[in-house]
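Trainee: I'd like to ask you about the structure that follows.
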Amino acid sequence: MYDIELNEISKDYIVFNKQSGFLQSVKQLFHREQSITPAINSITLNVEHGECLGIIGANGAGKTTLIKMMTGIISPTSGSIRVLGYIPFELKDDFKKRIAFVSGQRSQLFFDLTAMDSFLLLREIYDVNKDRFDQSIRELSEMLEVTSLLDRPVRNLSLGERMKMEIISALIHDPAILFLDEPTIGLDCISQSKFRKYLKKINNDRMITIILTSHDFADILDVCERGIVLNHGNKIFDEDIEKLLKRFNTKKVITIYLERPKRKIPLPKFCDVIAENEDKVSFAISPDKVGNVYDLLFSQYPSADILIEDEDVASIIERVYKHGNVSNNS
């Protein structure tokens, strides 16, 4: 049995259209024009217990809508959905005690209270045994390195510290599934890296199923082994992330650093220049042409430093979007 089972679920939003002007406002009192905007289109998805699933997509792709349906915040327009055997939007107490939801754009902590006071309040809400609560707080605060901050008011915590407290508050009741919606928004690169490592450790130590949405592919790459890509509400990819990278990583990037500034470096026509200035130039080419181009550059600039590397992940994901309707069933 899967932790999460989605079968052909769709979500449409009704949008009321209004033109500007006073007369149009009066007209709207008697007749409102509306249109239907599809947010999620017929998605089928199964998630096993203990799995880390990344949901990738640009803004407006449907990531947050999908995770809100899984948590019961909104209901699907059509299709069926079951999470831990429950229908999420029925919002039964037993179901709510078995999931947790953390968003980078909203907080479940109380800003005027200390973090520990917020945890104690949540303990009463979820009816958590005191011994179990004390153990969870001790283990999680040590793991996330925030033991010394538990008695500090939430409003005085940095964004990175607050996100760690959000994770602790979400795990107090030992949920079976942890839903994370853009959890690294606003974090600096060092905090993002540490946060991802903590999520991976929590998944390994507690065998918690993690559903992570992000427009930053680095979040997905570091935490999850499987990912789905959404594009305008459609699931265009569902497969192992490493296979995704191998399938669409079709170019190599060569950067040449010159000791003496030169205005223009002559390159073959098949080289796609990415960046260029007086002392360096970066360009993308297909892997089968790397050897020839390297020999050409080395013969012309024997003292130059030449770097050959894979494309950055953002470029690969952009290629996935352009490819269109891609899936592991194609």
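Ordered as shown in the structure tokens, chains take letters A, B, and onward, while each chain numbers its residues from 1 and ligands are numbered from 1 in the order shown.
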Any chance you could tabulate, as JSON lines, the residues of range 41-137 of chain A at most 10 Å from range 184-189 of chain A with each one's nearest atom pair and distance in Å to one decimal, using only C-alpha atoms, in chain and rising number order?
Mentor:
{"residue": "A:Ser103", "atom": "CA", "partner": "A:Thr184", "partner_atom": "CA", "distance": 9.0}
{"residue": "A:Gly104", "atom": "CA", "partner": "A:Ile185", "partner_atom": "CA", "distance": 5.7}
{"residue": "A:Gln105", "atom": "CA", "partner": "A:Ile185", "partner_atom": "CA", "distance": 7.6}
Trainee: Please, could you write that set of residues out with all heavy atoms as a short mmCIF file (atom, residue, chain, number, x, y, z; two decimals), in the first residue's frame?
Mentor:
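Generated file (result.cif):
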data_model
loop_
_atom_site.label_atom_id
_atom_site.label_comp_id
_atom_site.auth_asym_id
_atom_site.auth_seq_id
_atom_site.Cartn_x
_atom_site.Cartn_y
_atom_site.Cartn_z
N SER A 103 5.71 25.53 5.17
CA SER A 103 5.80 26.41 4.01
C SER A 103 6.80 27.52 4.29
O SER A 103 6.83 28.09 5.38
CB SER A 103 4.43 27.01 3.68
OG SER A 103 4.55 28.01 2.67
N GLY A 104 7.60 27.84 3.28
CA GLY A 104 8.54 28.94 3.43
C GLY A 104 7.88 30.29 3.43
O GLY A 104 8.52 31.30 3.74
N GLN A 105 6.58 30.34 3.08
CA GLN A 105 5.88 31.61 2.98
C GLN A 105 4.88 31.84 4.13
O GLN A 105 4.22 32.87 4.16
CB GLN A 105 5.13 31.67 1.64
CG GLN A 105 6.06 31.47 0.45
CD GLN A 105 5.33 31.58 -0.87
OE1 GLN A 105 4.70 32.59 -1.17
NE2 GLN A 105 5.40 30.54 -1.68
#
Trainee: At a cut-off of 12 Å, using only C-alpha atoms, what residues contact Ser107 in chain A? Leave out same-chain residues fewer than 5 positions from it and give the result as JSON, numbers by chain.
Mentor: {"A": [101, 102, 115, 118, 154, 155, 159, 162, 163, 164, 165, 166, 167, 169, 170, 181, 183]}
Trainee: Run DSSP on the backbone of this structure and report the residues of range 5-37 of chain A it assigns to alpha helix (DSSP H), as a ChimeraX atom specification.
Mentor: /A:22-28
Trainee: Those residues with N, CA, C and O atoms, as a PDB file, in the first residue's frame please?
Mentor:
ATOM      1  N   PHE A  22     -16.660  52.424 -13.797  1.00  0.00           N
ATOM      2  CA  PHE A  22     -17.803  52.404 -12.889  1.00  0.00           C
ATOM      3  C   PHE A  22     -18.980  51.614 -13.465  1.00  0.00           C
ATOM      4  O   PHE A  22     -19.602  50.807 -12.767  1.00  0.00           O
ATOM      5  N   LEU A  23     -19.271  51.831 -14.762  1.00  0.00           N
ATOM      6  CA  LEU A  23     -20.406  51.142 -15.363  1.00  0.00           C
ATOM      7  C   LEU A  23     -20.210  49.633 -15.369  1.00  0.00           C
ATOM      8  O   LEU A  23     -21.161  48.868 -15.163  1.00  0.00           O
ATOM      9  N   GLN A  24     -18.981  49.226 -15.605  1.00  0.00           N
ATOM     10  CA  GLN A  24     -18.691  47.788 -15.582  1.00  0.00           C
ATOM     11  C   GLN A  24     -18.860  47.206 -14.185  1.00  0.00           C
ATOM     12  O   GLN A  24     -19.305  46.068 -14.026  1.00  0.00           O
ATOM     13  N   SER A  25     -18.522  48.005 -13.155  1.00  0.00           N
ATOM     14  CA  SER A  25     -18.704  47.550 -11.776  1.00  0.00           C
ATOM     15  C   SER A  25     -20.180  47.361 -11.461  1.00  0.00           C
ATOM     16  O   SER A  25     -20.568  46.396 -10.797  1.00  0.00           O
ATOM     17  N   VAL A  26     -21.015  48.280 -11.950  1.00  0.00           N
ATOM     18  CA  VAL A  26     -22.468  48.162 -11.738  1.00  0.00           C
ATOM     19  C   VAL A  26     -22.999  46.933 -12.480  1.00  0.00           C
ATOM     20  O   VAL A  26     -23.820  46.166 -11.959  1.00  0.00           O
ATOM     21  N   LYS A  27     -22.509  46.731 -13.697  1.00  0.00           N
ATOM     22  CA  LYS A  27     -22.937  45.588 -14.495  1.00  0.00           C
ATOM     23  C   LYS A  27     -22.624  44.277 -13.791  1.00  0.00           C
ATOM     24  O   LYS A  27     -23.408  43.316 -13.851  1.00  0.00           O
ATOM     25  N   GLN A  28     -21.492  44.230 -13.087  1.00  0.00           N
ATOM     26  CA  GLN A  28     -21.079  43.018 -12.398  1.00  0.00           C
ATOM     27  C   GLN A  28     -22.037  42.646 -11.269  1.00  0.00           C
ATOM     28  O   GLN A  28     -22.093  41.489 -10.846  1.00  0.00           O
TER      29      GLN A  28
END
Trainee: Take CA of Gly233 in chain A and CA of Asn17 in chain A and report the distance between them in Å, one decimal.
Mentor: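 Answer for the CA of Gly233 in chain A to CA of Asn17 in chain A separation: 21.3 Å.
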Trainee: I need the residue nearest Glu145 in chain A from this list: A:Glu182, A:Asp174, A:Asp131, A:Glu161. Use only C-alpha atoms for the distance.
Mentor: A:Glu161
Trainee: Which one of A:Phe30, A:Phe237, A:Phe195, A:Phe217 sits closest to Ile43 in chain A if you count only C-alpha atoms?
Mentor: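 Looking at the shortest contact to Ile43 in chain A, the residue is A:Phe237.
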Trainee: Mind dumping a table of every range 78-188 of chain A residue within 12 Å of range 57-70 of chain A, with the nearest atom pair and its distance in Å to one decimal, using only C-alpha atoms, sorted by chain and rising number, as CSV?
Mentor:
residue,atom,partner,partner_atom,distance
A:Ser78,CA,A:Met69,CA,11.4
A:Gly79,CA,A:Met69,CA,11.3
A:Ser80,CA,A:Met69,CA,10.5
A:Ile81,CA,A:Met70,CA,7.4
A:Arg82,CA,A:Met70,CA,7.9
A:Val83,CA,A:Met70,CA,6.8
A:Leu84,CA,A:Met70,CA,10.3
A:Gly85,CA,A:Met70,CA,11.8
A:Tyr86,CA,A:Met70,CA,10.2
A:Ile87,CA,A:Met70,CA,8.9
A:Pro88,CA,A:Met70,CA,6.3
A:Phe89,CA,A:Met69,CA,7.3
A:Glu90,CA,A:Met69,CA,11.1
A:Leu91,CA,A:Met70,CA,10.9
A:Phe95,CA,A:Met70,CA,11.3
A:Lys96,CA,A:Met70,CA,11.5
A:Ile99,CA,A:Met70,CA,10.0
A:Ala100,CA,A:Met70,CA,11.1
A:Phe101,CA,A:Ile67,CA,9.2
A:Val102,CA,A:Ile67,CA,10.9
A:Ser103,CA,A:Thr64,CA,9.8
A:Gly104,CA,A:Thr64,CA,11.5
A:Gln105,CA,A:Thr64,CA,11.3
A:Ile177,CA,A:Met70,CA,10.4
A:Leu178,CA,A:Ile67,CA,10.8
A:Phe179,CA,A:Ile67,CA,7.3
A:Leu180,CA,A:Ile67,CA,8.5
A:Asp181,CA,A:Thr64,CA,6.7
A:Glu182,CA,A:Thr64,CA,8.8
A:Pro183,CA,A:Thr64,CA,11.9
Trainee: Write out as JSON, numbers by chain each polymer residue whose atoms come within 10 Å of Asp127 in chain A, counting only C-alpha atoms; drop sequence neighbours fewer than 4 positions from it.
Mentor: {"A": [97, 121, 122, 123, 133, 173]}
